[in-house]
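The data block below is input.txt; it holds compact mmCIF, C-alpha atoms and all ligand atoms.
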```txt
# COMPACT_ATOMS: atom_id res chain seq x y z
CA MET L 1 118.82 74.01 98.66
CA SER L 2 120.27 73.62 95.14
CA ASN L 3 117.71 75.87 93.42
CA THR L 4 117.07 78.21 96.30
CA ILE L 5 118.42 81.75 96.49
CA LYS L 6 121.33 81.95 98.95
CA LEU L 7 120.39 84.92 101.12
CA ALA L 8 122.48 86.99 103.53
CA VAL L 9 120.62 89.32 105.89
CA HIS L 10 122.46 92.45 107.07
CA GLY L 11 121.20 93.63 110.47
CA ALA L 12 120.01 90.06 111.09
CA ALA L 13 119.65 90.37 114.87
CA GLY L 14 117.42 93.45 114.65
CA ARG L 15 113.61 93.65 114.69
CA MET L 16 113.32 93.48 110.89
CA GLY L 17 116.30 91.20 110.30
CA GLN L 18 114.70 88.57 112.50
CA ARG L 19 111.44 88.66 110.53
CA VAL L 20 113.31 88.40 107.20
CA VAL L 21 115.21 85.36 108.50
CA ALA L 22 111.96 83.80 109.73
CA LEU L 23 109.94 84.37 106.53
CA ALA L 24 112.85 83.31 104.30
CA ALA L 25 113.22 80.07 106.28
CA GLU L 26 109.46 79.45 106.11
CA ASP L 27 109.62 79.91 102.34
CA GLY L 28 112.21 77.14 101.95
CA GLU L 29 111.26 76.72 98.29
CA ASN L 30 112.84 80.02 97.27
CA PHE L 31 115.41 80.94 99.92
CA THR L 32 118.16 79.50 102.06
CA VAL L 33 119.58 81.79 104.74
CA VAL L 34 123.35 81.45 104.40
CA GLY L 35 124.44 84.62 106.18
CA ALA L 36 123.18 86.59 109.18
CA ILE L 37 125.35 89.66 109.55
CA ASP L 38 125.35 92.03 112.51
CA HIS L 39 128.06 94.06 114.23
CA ALA L 40 130.85 92.37 116.17
CA HIS L 41 129.64 93.58 119.58
CA HIS L 42 126.04 92.47 119.19
CA PRO L 43 125.11 90.26 122.17
CA LYS L 44 123.57 87.65 119.84
CA VAL L 45 126.78 87.03 117.87
CA GLY L 46 127.43 83.29 117.71
CA GLN L 47 123.77 82.32 118.17
CA ASP L 48 121.85 80.68 115.33
CA ALA L 49 119.85 83.34 113.41
CA GLY L 50 116.76 81.12 113.40
CA THR L 51 116.88 80.69 117.16
CA VAL L 52 117.30 84.46 117.57
CA ALA L 53 114.26 84.95 115.30
CA GLY L 54 112.21 82.53 117.42
CA ILE L 55 112.09 79.70 114.87
CA ALA L 56 114.03 76.46 114.37
CA PRO L 57 117.79 76.85 113.72
CA VAL L 58 118.65 77.82 110.14
CA ASP L 59 122.30 76.77 110.32
CA ALA L 60 123.62 80.33 110.00
CA SER L 61 125.00 82.14 113.05
CA ILE L 62 124.75 85.84 113.75
CA SER L 63 128.22 87.04 112.79
CA PRO L 64 130.09 90.18 111.69
CA ASP L 65 131.70 88.08 108.94
CA TRP L 66 130.23 87.66 105.47
CA PRO L 67 129.96 84.12 104.11
CA SER L 68 131.73 83.47 100.80
CA ASP L 69 128.86 82.00 98.77
CA VAL L 70 125.95 84.48 98.69
CA ASP L 71 123.45 85.18 95.88
CA ILE L 72 121.82 88.29 97.35
CA VAL L 73 121.85 90.56 100.40
CA ILE L 74 118.87 92.13 102.19
CA ASP L 75 119.77 95.04 104.45
CA PHE L 76 117.68 96.29 107.38
CA SER L 77 120.30 97.99 109.55
CA LEU L 78 121.29 101.54 110.40
CA PRO L 79 122.65 104.43 108.32
CA GLU L 80 126.04 104.06 110.02
CA ALA L 81 126.18 100.41 108.91
CA ILE L 82 125.10 100.79 105.30
CA ASP L 83 128.36 101.96 103.69
CA GLY L 84 130.22 98.75 104.59
CA CYS L 85 127.32 96.65 103.33
CA VAL L 86 127.19 98.44 99.96
CA ALA L 87 130.98 98.24 99.56
CA HIS L 88 130.87 94.51 100.28
CA CYS L 89 128.11 93.94 97.71
CA VAL L 90 129.94 95.91 95.03
CA ALA L 91 133.20 94.06 95.73
CA HIS L 92 131.44 90.68 95.48
CA ALA L 93 128.96 91.58 92.71
CA SER L 94 126.02 90.73 95.01
CA PRO L 95 122.58 92.14 94.20
CA LEU L 96 121.26 94.13 97.16
CA VAL L 97 117.91 95.13 98.70
CA VAL L 98 118.29 98.23 100.87
CA ALA L 99 115.48 98.95 103.35
CA THR L 100 117.36 101.08 105.86
CA THR L 101 116.00 104.63 106.21
CA GLY L 102 117.57 107.89 107.34
CA LEU L 103 120.36 107.78 104.74
CA SER L 104 122.35 110.99 104.11
CA GLU L 105 122.45 112.62 100.68
CA SER L 106 125.97 111.30 100.14
CA GLN L 107 124.86 107.78 101.06
CA LYS L 108 122.04 108.04 98.52
CA GLN L 109 124.63 109.12 95.94
CA SER L 110 126.82 106.12 96.90
CA LEU L 111 123.84 103.82 96.30
CA ALA L 112 123.33 105.36 92.86
CA ASN L 113 127.05 104.87 92.12
CA ALA L 114 126.95 101.26 93.33
CA ALA L 115 123.92 100.62 91.13
CA GLN L 116 126.10 101.20 88.08
CA SER L 117 127.72 97.83 88.77
CA ILE L 118 125.14 95.83 90.76
CA PRO L 119 121.32 95.70 90.78
CA ILE L 120 119.85 97.39 93.87
CA VAL L 121 116.26 97.75 95.08
CA TRP L 122 116.05 100.67 97.49
CA ALA L 123 112.78 101.74 99.07
CA PRO L 124 111.78 103.29 102.40
CA SER L 125 108.84 100.90 102.61
CA MET L 126 108.72 97.38 101.21
CA SER L 127 105.00 97.11 102.01
CA LEU L 128 102.55 96.51 99.17
CA ALA L 129 99.84 98.56 100.92
CA VAL L 130 102.17 101.52 101.47
CA ASN L 131 103.37 101.58 97.86
CA LEU L 132 99.81 101.34 96.59
CA SER L 133 98.84 104.18 98.94
CA MET L 134 101.66 106.30 97.55
CA ARG L 135 100.16 105.97 94.07
CA MET L 136 96.71 106.80 95.50
CA ALA L 137 98.13 109.88 97.26
CA GLN L 138 99.57 111.09 93.96
CA GLN L 139 96.21 110.61 92.24
CA ILE L 140 94.27 112.40 94.99
CA THR L 141 96.75 115.29 94.91
CA SER L 142 96.41 115.67 91.15
CA ALA L 143 92.61 115.48 91.35
CA LEU L 144 92.47 118.22 94.00
CA ARG L 145 95.09 120.49 92.46
CA ASP L 146 92.60 123.12 91.30
CA VAL L 147 89.89 122.64 93.95
CA ALA L 148 88.14 125.86 94.99
CA GLY L 149 89.70 127.21 98.19
CA GLY L 150 92.74 124.96 97.86
CA VAL L 151 93.83 121.81 99.67
CA ASP L 152 96.19 121.50 102.63
CA ILE L 153 98.22 118.28 102.68
CA GLU L 154 99.78 117.03 105.93
CA ILE L 155 101.54 113.74 106.60
CA LEU L 156 101.22 112.09 110.02
CA GLU L 157 103.39 109.09 110.79
CA ARG L 158 103.28 106.88 113.88
CA HIS L 159 106.02 104.44 114.84
CA HIS L 160 107.32 102.52 117.84
CA ARG L 161 109.33 104.31 120.51
CA PHE L 162 112.59 102.61 119.39
CA LYS L 163 112.67 104.19 115.92
CA ALA L 164 115.89 106.15 115.41
CA ASP L 165 114.98 108.46 112.49
CA ALA L 166 112.22 111.04 112.01
CA PRO L 167 110.21 111.67 110.03
CA SER L 168 110.06 108.15 108.62
CA GLY L 169 111.61 107.44 105.25
CA THR L 170 108.12 106.53 104.07
CA ALA L 171 106.68 109.91 105.14
CA LEU L 172 109.47 111.69 103.25
CA LYS L 173 108.76 109.58 100.15
CA PHE L 174 105.02 110.34 100.37
CA GLY L 175 105.98 114.03 100.58
CA GLU L 176 108.33 113.82 97.61
CA LEU L 177 105.70 112.13 95.41
CA ILE L 178 102.89 114.44 96.55
CA GLY L 179 105.15 117.45 95.98
CA GLU L 180 105.72 116.32 92.38
CA ALA L 181 101.97 115.91 91.87
CA MET L 182 101.24 119.37 93.39
CA ASP L 183 103.42 120.89 90.70
CA GLU L 184 103.36 124.22 92.57
CA ALA L 185 104.91 127.56 91.80
CA PRO L 186 106.46 128.73 94.10
CA PRO L 187 107.98 125.33 94.84
CA VAL L 188 106.65 123.10 97.61
CA MET L 189 107.95 123.77 101.13
CA HIS L 190 108.40 120.78 103.45
CA VAL L 191 107.47 121.92 106.99
CA HIS L 192 108.43 119.65 109.89
CA GLY L 193 106.09 120.23 112.84
CA ARG L 194 104.84 123.67 113.88
CA GLU L 195 105.37 125.74 117.00
CA GLY L 196 104.99 129.35 118.08
CA HIS L 197 103.62 132.19 115.98
CA THR L 198 103.77 130.42 112.65
CA GLY L 199 101.36 132.69 110.78
CA GLN L 200 98.75 131.32 108.43
CA ARG L 201 99.46 128.15 106.55
CA THR L 202 100.53 128.74 102.95
CA ARG L 203 99.08 126.75 100.02
CA ASN L 204 102.41 125.35 98.87
CA GLU L 205 103.51 123.55 102.02
CA ILE L 206 103.44 119.91 103.02
CA GLY L 207 103.47 119.38 106.79
CA TYR L 208 105.10 116.38 108.52
CA HIS L 209 104.31 115.16 112.04
CA ALA L 210 106.23 112.26 113.63
CA ILE L 211 104.53 110.46 116.50
CA ARG L 212 106.47 107.89 118.56
CA VAL L 213 104.24 105.58 120.59
CA GLY L 214 104.69 102.11 122.11
CA ASP L 215 105.22 99.27 119.67
CA ASN L 216 103.49 100.66 116.56
CA PRO L 217 105.12 98.87 113.57
CA GLY L 218 104.30 101.77 111.22
CA GLU L 219 101.32 103.87 110.24
CA HIS L 220 100.96 106.77 107.82
CA THR L 221 98.00 109.11 107.43
CA ILE L 222 97.86 111.64 104.61
CA VAL L 223 95.34 114.37 105.33
CA PHE L 224 93.93 116.31 102.38
CA GLY L 225 92.09 119.18 104.06
CA MET L 226 89.78 121.43 102.06
CA LEU L 227 87.28 124.08 103.14
CA GLY L 228 84.22 122.10 104.19
CA GLU L 229 85.51 118.52 103.87
CA ARG L 230 88.62 116.37 104.02
CA ILE L 231 90.05 113.04 102.90
CA GLU L 232 92.32 110.96 105.15
CA LEU L 233 94.32 108.18 103.51
CA ASN L 234 95.49 105.81 106.25
CA VAL L 235 97.81 102.84 105.82
CA ALA L 236 98.89 100.87 108.86
CA ALA L 237 100.95 97.74 109.47
CA SER L 238 99.61 95.17 111.94
CA ASN L 239 103.11 93.70 112.29
CA ARG L 240 106.49 93.78 110.50
CA ASP L 241 105.83 90.91 108.10
CA CYS L 242 104.51 93.19 105.34
CA TYR L 243 107.98 94.76 105.14
CA ALA L 244 109.87 91.45 105.42
CA ALA L 245 107.69 89.80 102.76
CA GLY L 246 108.16 92.83 100.48
CA ALA L 247 111.94 92.68 100.88
CA LEU L 248 111.93 88.97 100.01
CA ALA L 249 109.74 89.68 96.97
CA ALA L 250 112.26 92.34 95.92
CA ALA L 251 115.13 89.87 96.34
CA LYS L 252 113.32 87.28 94.27
CA TRP L 253 112.57 89.89 91.59
CA LEU L 254 116.25 90.93 91.41
CA MET L 255 117.33 87.30 91.07
CA ARG L 256 114.65 86.07 88.70
CA GLY L 257 112.99 89.15 87.23
CA GLN L 258 109.62 88.67 85.57
CA ASP L 259 110.92 86.05 83.14
CA GLY L 260 113.30 84.05 85.33
CA LYS L 261 116.37 86.13 84.34
CA PRO L 262 118.41 88.18 86.84
CA MET L 263 117.89 91.96 86.65
CA PRO L 264 120.82 93.96 85.24
CA ALA L 265 122.70 96.56 87.30
CA GLY L 266 120.53 99.56 88.15
CA LEU L 267 118.73 101.36 90.94
CA TYR L 268 115.18 100.03 91.31
CA ASN L 269 112.37 100.66 93.79
CA MET L 270 109.27 98.84 95.00
CA PHE L 271 107.13 100.36 92.23
CA ASP L 272 109.38 98.43 89.82
CA VAL L 273 109.11 95.23 91.85
CA LEU L 274 105.31 95.53 92.17
CA GLY L 275 104.74 96.45 88.52
CA MET L 276 103.52 99.94 89.43
CA ALA L 277 106.33 101.95 87.83
CA ASP L 278 104.05 103.25 85.09
CA ALA L 279 100.88 103.56 87.15
CA ALA L 280 98.84 106.65 86.34
CA LYS L 281 99.90 109.56 88.55
N1 LIG Y 1 111.99 99.76 104.00
C1 LIG Y 1 111.16 99.18 104.86
O1 LIG Y 1 110.13 98.57 104.48
C2 LIG Y 1 111.46 99.23 106.32
C3 LIG Y 1 112.58 99.86 106.76
N2 LIG Y 1 112.91 99.82 108.07
C4 LIG Y 1 114.18 100.42 108.42
O2 LIG Y 1 115.11 99.36 108.62
C5 LIG Y 1 116.08 99.76 109.58
C6 LIG Y 1 116.15 98.72 110.67
O3 LIG Y 1 114.95 98.72 111.43
P1 LIG Y 1 114.79 97.79 112.71
O4 LIG Y 1 115.01 96.37 112.34
O5 LIG Y 1 113.56 98.18 113.39
O6 LIG Y 1 116.04 98.30 113.60
P2 LIG Y 1 116.91 97.51 114.65
O7 LIG Y 1 117.72 98.54 115.39
O8 LIG Y 1 116.08 96.56 115.44
O9 LIG Y 1 117.89 96.61 113.75
C7 LIG Y 1 119.07 97.06 113.15
C8 LIG Y 1 120.13 95.98 113.37
O10 LIG Y 1 121.34 96.38 112.73
C9 LIG Y 1 122.38 96.24 113.69
N3 LIG Y 1 123.58 96.97 113.39
C10 LIG Y 1 124.06 98.10 113.98
N4 LIG Y 1 125.26 98.43 113.45
C11 LIG Y 1 125.55 97.46 112.54
C12 LIG Y 1 126.68 97.23 111.70
N5 LIG Y 1 127.73 98.08 111.66
N6 LIG Y 1 126.66 96.16 110.89
C13 LIG Y 1 125.62 95.30 110.89
N7 LIG Y 1 124.53 95.47 111.70
C14 LIG Y 1 124.50 96.53 112.49
C15 LIG Y 1 121.70 96.62 114.99
O11 LIG Y 1 122.46 96.28 116.15
P3 LIG Y 1 122.19 97.14 117.51
O12 LIG Y 1 120.81 96.80 117.95
O13 LIG Y 1 123.24 96.67 118.46
O14 LIG Y 1 122.34 98.60 117.09
C16 LIG Y 1 120.44 95.82 114.87
O15 LIG Y 1 120.65 94.46 115.19
C17 LIG Y 1 115.66 101.16 110.04
O16 LIG Y 1 116.36 102.12 109.28
C18 LIG Y 1 114.18 101.23 109.69
O17 LIG Y 1 113.72 102.54 109.50
C19 LIG Y 1 112.15 99.19 109.00
C20 LIG Y 1 111.01 98.57 108.64
C21 LIG Y 1 110.53 98.56 107.27
O1 LIG Y 2 111.57 101.94 111.60
C1 LIG Y 2 110.52 101.34 111.26
O2 LIG Y 2 109.94 100.55 112.01
C2 LIG Y 2 110.00 101.60 109.91
N1 LIG Y 2 110.71 102.35 109.10
C3 LIG Y 2 110.42 102.63 107.75
C4 LIG Y 2 110.36 104.12 107.51
O3 LIG Y 2 111.13 104.88 108.15
O4 LIG Y 2 109.59 104.55 106.67
C5 LIG Y 2 109.27 101.86 107.19
C6 LIG Y 2 108.20 101.46 108.16
O5 LIG Y 2 107.31 102.51 108.31
C7 LIG Y 2 108.73 100.95 109.48
```

Rewritten as structure tokens:
Amino acid sequence: MSNTIKLAVHGAAGRMGQRVVALAAEDGENFTVVGAIDHAHHPKVGQDAGTVAGIAPVDASISPDWPSDVDIVIDFSLPEAIDGCVAHCVAHASPLVVATTGLSESQKQSLANAAQSIPIVWAPSMSLAVNLSMRMAQQITSALRDVAGGVDIEILERHHRFKADAPSGTALKFGELIGEAMDEAPPVMHVHGREGHTGQRTRNEIGYHAIRVGDNPGEHTIVFGMLGERIELNVAASNRDCYAAGALAAAKWLMRGQDGKPMPAGLYNMFDVLGMADAAK
């Protein structure tokens, strides 16, 4: 316990919060779960977070109250819950990992403001495979920029039926990065689904399609369609542990950096955590 990172999980009773609690407890060398925050009316309030996550008790109950002695916070909650979490972290100088998607523009600005005083990792996907695929998508886009006949890029995302936001934060990030690599004039248009008499597809659009099916923990397919052939870049989670493990890696990185020293205040992403910030685009 003495050398472990004291972790509070925000949204601890949710699908992702439970997996973060479970993986943190398994990795007892690095983490101790000291806080498991959820809203006051959650039916699991008062129950041990480990029990809720399907593992042995971790000696931290699901609670709306923040414990006093916390090293770092990992958030997997909802956009409506994030403001309170960020305010708490700023007030208590706690480093923060934000994984919640569907944030408004003003919430993104609040994160940037908060990052002036605390270190924050914020990313729509904590998965190694997804972040690597984002870099690959940028490279493919650049390589095909001048292909004869042009290339049409569409982003398909599939998630479980319970997901509250669409398209996924990850799909939007893929689109943002691909848009930068397209470097189009006129500027890239982001087209969400198609219906009716849409007319021919233009060269400077990126299409997004959100599929909601069963218990899919997250899958993204980037289609690069040319005249005569196509590339499909597919990245799919088998379960939620890729995201939970990524969030814990981000927390460890904020606390210990590359050289054992805590990271200074700033807004970081998973490319920073994974050492891919300068990867060729
Ligand atoms: N960046 C990444 O790698 C990933 C990001 N995500 C994102 O993480 C978020 C959570 O996903 P998921 O775990 O599936 O969702 P869940 O709905 O299962 O979990 C969210 C939890 O937060 C709780 N909550 C609601 N309001 C508050 C509040 N005011 N304070 C504290 N907790 C609150 C919810 O309670 P209740 O159920 O009662 O609403 C629930 O327990 C989503 O935005 C999702 O898109 C998901 C996976 C990976
Ligand atoms: O809600 C989810 O489940 C997921 N949300 C994230 C997103 O919106 O990109 C990441 C992952 O795909 C799972």

Report task. Name the residues, by chain letter and number, that sit within 8 Å of ligand LIG 1 (chain Y) using all atoms listed in the file, and give them as number ranges by chain. Result -> L: 10-18, 37-43, 64, 75-82, 84-85, 98-102, 122-127, 162-165, 168-170, 217-218, 240, 242-244, 246-247

Report task. Find the residues around Ala112 (chain L) up to 9 Å (all atoms listed in the file counted), leave out those fewer than 5 positions away in its own chain, and share them as a list of chain:residue names. Result ->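 Residues near the query, excluding close chain neighbours: L:Gln107, L:Ile120, L:Gly266, L:Leu267.
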
Would you put the residues from that selection into a file with C-alpha atoms, as a compact mmCIF listing (two decimals), in the coordinates of the input?
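Contents of again-v2.txt, freshly written:
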```txt
# COMPACT_ATOMS: atom_id res chain seq x y z
CA GLN L 107 124.86 107.78 101.06
CA ILE L 120 119.85 97.39 93.87
CA GLY L 266 120.53 99.56 88.15
CA LEU L 267 118.73 101.36 90.94
```

Query raised in the report: How many Å lie between CA of Glu184 (chain L) and CA of Ile155 (chain L), rounded to one decimal?
Result: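 Computing the Euclidean distance for CA of Glu184 (chain L) and CA of Ile155 (chain L) yields 17.6 Å.
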
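For the residues L:Asn131, L:Ser110, L:Asn269, L:Ala245, ranking by smallest atom-to-atom distance to Val90 (chain L) using all atoms listed in the file places L:Ser110 first.
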
Please put the answer as AutoDock Vina command-line options: centre and edge lengths, in Å with one decimal, of a box along x, y and z that encloses all listed atoms of ligand LIG 2 (chain Y) plus 5 Å on each side.
```
--center_x 109.4 --center_y 102.7 --center_z 109.3 --size_x 14.3 --size_y 14.3 --size_z 15.3
```

Report summary line: Between L:Met276, L:Ala143, L:Val223, L:Leu156, smallest distance to His192 (chain L) by all atoms listed in the file belongs to L:Leu156

Query - From L:Leu248, L:Leu254, L:Ala129, L:Ala265, residue lying nearest ligand LIG 2 (chain Y) [only C-alpha atoms and all ligand atoms] - result: L:Ala129

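Of note, CA of Glu180 (chain L) and CA of Pro264 (chain L) are spaced 27.9 Å apart.
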